[in-house]
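Before any comments, here is the structure.
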Amino acid sequence: MSLWKRVSSHSDCEQRMAAYYEEKGLLDLRLCLAPWIEDRIMSEQVTPNSTEQLERVSLKFNEDLQQKLLSTRTATDQALKFRVVELCALIQRTSAVELYTHLRSGLQKELQLVTEKSVASTTGQSMPLNPYNMNNSPMVTGYMDASDLMAVTNSCSPSVVQGIHNVQNTGGIASPALGMATPKVELYEVQHQIMQTLNEFGNCANALKLLVQNYSYMLSSTASPNADVAFRSLMEEKATIVITMRRSFMYYESLHEMVLHELKNWRHQQAQAGNGAPFNEGSLDDIQRCFELLETFIAHMLAAVKETMRVRLVSDEPELTHLLEQVQNAQKHLVCSAFIVDKQPPQVMKTNTRFAASVRWLIGSQLGIHNNPPTVECIIMSEIQAQRYVTRNPQMDNTVAGQSSGEIQNASSTMEYQQNNHVFSASFRNMQLKKIKRAEKKGTESVMDEKFTLFFYTTTTVNDFQIRVWTLSLPVVVIVHGNQEPQSWATITWDNAFAEIVRDPFVITDRVTWAQLSVALNIKFGSCTGRSLTIDNLDFLYEKLQREERSEYITWNQFCKEPLPERSFTFWEWFFAIMKLTKDHMLGMWKAGCIMGFINKVKAQDDLLRSVCGIGTFLLRFSDSELGGVTIAYVNENGLVTMLAPWTARDFQVLSLADRIRDLDVLCWLHPSDRNSSPVKRDAAFGEFYSKRQDPVTGYVKSQLHVHVCSNGDNGSTSGTPHHVSQQDAMQLGNFSPESFCNYYSPSVARTEESDSDASETAEALERIVERASPDDPVINEIYEAIMMSGSRHGDFGMADFDSMTNFEVYN
């Protein structure tokens with residue numbers, strides 16, 4: 001059955017391919033000469049790899065096509081004659097190169113469609129469409145699709161392969177050239193199809209065996225009158241076998257592309273997992289099984305081509321020589337594409353800190369490389385170095401000398417083969433980046449924007465050919481101090497979420513839609529804290545990111561470079577600080593839904609005032625003005641909303657959030673974070689998070705921290721800040737003396753042992769209180785005024801000293 005008949009047996013495939021050929025007006029030509037076009041292109045002796053070759057092959061094809069059409073004009077069917085005349089006119093109007101490239105690319109697309117349909121039919125299952133977009137990547141074999149061939153005619157470098165845009169967390173492949181989405185194929189179905197195609201190739205092997213026997217018989221037999229007939233018969237048999245091998249090779253290419261697509265999807269999901277997305281690492285075993293089957297397929301094909309070349313009926317056979325080169329290159333490409341990073345290094349990497357990574361070769365034991373396992377080396381490359389290496393020479397013979405941007409200890413590992421699971425890998429368990437060499441910065445660039453990659457490589461021998469295999473890790477940002485971590489994670493999060501699957505290292509868009517960014521933020525926050533964001537949370541984040549000119553797009557600068565309106569920090573700094581606070585100090589309460597979090601002041605007030613429980617209803621929200629701060633809004637005794645000043649991680653190191661809530665009797669009902677739920681009693685919501693009160697040790701007076709809200713004298717919804725006073729502190733302050741306190745801190749005042757002792761106790765108690773107190777606290781204000789008056793009398797201790805001792809200026 002011809003290829004076109006197989007395509008037309010599926011109406012959807014026929015419609016798609018008909019639309020493709022109709023773009024150039026070639027549909028009638030494809031229908032009229034379907035078998036001839038297939039045989040003519042698939043059995044070509046030379047695959048065009050240069051401008052001259054392409055023009056020569058195209059012109060030859062054009063001449064043969066016209067001859068074929070002219071020979072068809074002798075038909076008695078008048079309609080057919082008229083149709084042939086129209087086709088001849090079309091050929092005259094169309095460029096030979098354009099005609100040839102469009103037809104050749106069409107055959108490749110048909111072959112892929114038929115292969116996928118064949119795979120689907122083996123299970124009887126329909127296959128869902130998916131939103132990934134990808135062009136076929138250029139093959140090492142020399143085959144080029146239409147866009148690549150046209151690029152050759154314009155003397156351009158090979159076009160960069162279009163990436164895969166992963167908008168939602170699904171997987172699949174789409175062909176922009178066809179304007180359609182092709183189905184995602186399950187890996188076990190791909191394995192079945194490879195085995196089926198390999199079995200069909202066995203028929204070619206049987207024919208080849210018969211050819212070799214007949215050839216040997218002809219050589220051993222004496223001259224006979226039927227020698228010419230036998231020779232022509234052998235020539236025909238050999239030509240048929242060569243055509244079959246070429247068709248099998250095209251099937252191999254299509255199957256290899258399907259497996260590569262699955263591997264690229266796996267690597268893309270690996271990058272998404274860097275942001276916290278779910279990731280099925282185990283599917284790599286199924287992908288390896290496909291690689292092993294493909295290696296068996298291409299090895300059999302290589303052996304068949306070599307065996308065919310031994311049947312020398314003519315002195316020169318360039319078509320077989322070219323096919324041999326294609327198959328050898330295909331095997332090299334298969335081996336190289338199977339070398340990947342299966343365990344990524346940390347993407348925010350601190351110098352002089354140990355880390356681990358591992359690489360895996362998905363060929364298992366197929367080539368016997370495991371019998372003499374190679375050593376894998378690792379260096380760190382800058383983004384520019386990686387781009388130059390990949391762009392200059394995608395083959396494996398490119399040198400890495402002078403490409404390193406730093407010094408890594410323990411950067412080599414010998415590969416090991418595990419017989420029980422067929423995993424062939426090299427583990428780097430104790431690497432450490434000692435030095436890093438950075439590029440010069442331009443404009444507002446910082447070290448946290450600079451991306452590096454770990455470059456893993458090794459050299460091995462396959463079928464007497466020495467090749468170098470290599471792979472790149474996901475991008476990493478190198479830091480030297482913990483305060484560089486937030487911005488570094490902005491760079492990594494953006495890259496992991498929005499990178500195309502196929503790209504130059506590590507090109508990334510500078511703007512995305514809010515739909516894309518909201519998915520990334522939700523995945524990041526949910527994986528870090530154990531609970532995803534609600535629609536209301538995401539709406540709040542969208543409003544926070546917007547500027548005066550609202551747009552559906554969010555830029556990189558809006559995300560992490562430009563400060564938020566009337567703030568000194570960026571959106572990402574604010575978001576990251578909240579994420580860290582939640583993970584470190586409020587994880588259980590967040591997961592239980594006790595914290596509403598992302599809601600602005602106005603909406604919080606409206607929601608609380610509408611609450612059915614009224615006075616004592618409260619909610620917890622993340623602060624807009626304080627990095628990593630959480631605040632409580634509640635309905636006070638006057639029916640108005642009070643906002644407490646934010647607490648941060650430093651406060652929770654002293655007393656947990658749940659215990660603070662327990663101390664505040666003004667909090668009675670927790671307003672639900674879910675709009676469909678009802679308020680919950682405070683202790684029912686937070687009781688499981690309260691700390692147990694510890695009994696005092698015998699012989700000591702019990703002391704504990706307690707939180708209460710200070711009144712600031714008005715009835716509005718203003719902020720009040722809790723502070724903590726221990727019983728012991730209060731007792732000591734009962735004998736507070738401003739004069740003794742100032743004497744203690746004023747170096748020019750003569751001290752006595754008694755005055756030093758009294759003032760010391762007072763000072764220690766006071767320091768404990770002011771460290772945790774609010775500037776609105778009347779007790780602190782009274783102490784402040786008393787010290788100012790006493791200090792002015794003593795001359796040395798004054799406002800600056802008090803500010804320095806208490807850090808009081810942070811409140812003013």
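Order determines the names: the first chain of the structure tokens is A, the second B, and so forth; residues in each chain are numbered 1 upward, and ligands are numbered 1 upward as they are shown.
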Checklist entry - So which residues touch Asp624 of chain A within 10 Å, counting only C-alpha atoms, skipping near sequence neighbours fewer than 5 positions away, as JSON, numbers by chain? => result {"A": [544, 564, 567, 574, 598, 599, 600, 601, 629, 630, 631, 646]}
Pull the closest atom pair for each residue of segment 301-381 of chain A that gets at most 10 Å from segment 264-270 of chain A, along with the distance in Å to one decimal, counting only C-alpha atoms, ordering rows by chain and then ascending residue number, as CSV.
```
residue,atom,partner,partner_atom,distance
A:Ile340,CA,A:Arg267,CA,8.8
A:Val341,CA,A:Arg267,CA,8.8
A:Asp342,CA,A:Gln270,CA,8.6
A:Lys343,CA,A:Gln270,CA,9.1
A:Gln344,CA,A:Gln270,CA,8.6
```
Item to check | Nearest to Leu187 of chain A by atom-to-atom distance, counting only C-alpha atoms, from A:Phe540, A:Phe428, A:Phe291, A:Trp556 | outcome: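 Using only C-alpha atoms, the shortest distance to Leu187 of chain A belongs to A:Phe291.
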Checklist entry - Which residues, written as a list in words, have at least one atom at most 9 Å from Thr414 of chain A, with only C-alpha atoms counted and residues fewer than 5 positions away on the same chain left out? => result Pro373, Pro374, Thr375, Val376, Glu377, Ser425, Ala426 and Ser427 of chain A
Those residues with N, CA and C atoms, as a PDB file, in the first residue's frame please?
```pdb
ATOM      1  N   PRO A 373      34.056   1.059  31.121  1.00  0.00           N
ATOM      2  CA  PRO A 373      33.322   2.303  31.391  1.00  0.00           C
ATOM      3  C   PRO A 373      34.216   3.534  31.337  1.00  0.00           C
ATOM      4  N   PRO A 374      33.760   4.562  30.632  1.00  0.00           N
ATOM      5  CA  PRO A 374      34.549   5.799  30.535  1.00  0.00           C
ATOM      6  C   PRO A 374      34.412   6.656  31.785  1.00  0.00           C
ATOM      7  N   THR A 375      35.287   7.633  31.919  1.00  0.00           N
ATOM      8  CA  THR A 375      35.236   8.602  33.020  1.00  0.00           C
ATOM      9  C   THR A 375      34.591   9.886  32.516  1.00  0.00           C
ATOM     10  N   VAL A 376      33.637  10.373  33.255  1.00  0.00           N
ATOM     11  CA  VAL A 376      32.924  11.603  32.907  1.00  0.00           C
ATOM     12  C   VAL A 376      33.560  12.775  33.646  1.00  0.00           C
ATOM     13  N   GLU A 377      33.852  13.835  32.910  1.00  0.00           N
ATOM     14  CA  GLU A 377      34.413  15.055  33.492  1.00  0.00           C
ATOM     15  C   GLU A 377      33.332  16.134  33.549  1.00  0.00           C
ATOM     16  N   SER A 425      25.336   4.899  34.661  1.00  0.00           N
ATOM     17  CA  SER A 425      25.382   6.283  35.128  1.00  0.00           C
ATOM     18  C   SER A 425      26.690   6.589  35.845  1.00  0.00           C
ATOM     19  N   ALA A 426      26.906   7.887  36.057  1.00  0.00           N
ATOM     20  CA  ALA A 426      28.054   8.378  36.823  1.00  0.00           C
ATOM     21  C   ALA A 426      27.535   9.350  37.872  1.00  0.00           C
ATOM     22  N   SER A 427      27.884   9.106  39.122  1.00  0.00           N
ATOM     23  CA  SER A 427      27.414   9.954  40.223  1.00  0.00           C
ATOM     24  C   SER A 427      28.545  10.845  40.725  1.00  0.00           C
TER      25      SER A 427
END
```
Spatial neighbours of Asn371 of chain A, 10 Å, only C-alpha atoms, chain gap at least 3 places, as a compact mmCIF listing (two decimals) with N, CA and C atoms, in the first residue's frame:
```txt
# COMPACT_ATOMS: atom_id res chain seq x y z
N SER A 365 23.41 -1.46 28.16
CA SER A 365 24.55 -2.32 27.79
C SER A 365 24.58 -2.62 26.30
N LEU A 367 25.80 -1.30 23.54
CA LEU A 367 27.02 -1.17 22.72
C LEU A 367 28.24 -1.74 23.41
N GLY A 368 28.07 -2.28 24.61
CA GLY A 368 29.19 -2.87 25.31
C GLY A 368 30.13 -1.86 25.93
N PRO A 374 33.76 4.56 30.63
CA PRO A 374 34.55 5.80 30.53
C PRO A 374 34.41 6.66 31.79
N GLU A 416 29.20 3.63 36.00
CA GLU A 416 28.95 2.30 36.56
C GLU A 416 27.67 1.74 35.96
N TYR A 417 27.69 0.44 35.70
CA TYR A 417 26.51 -0.23 35.14
C TYR A 417 25.87 -1.11 36.21
```
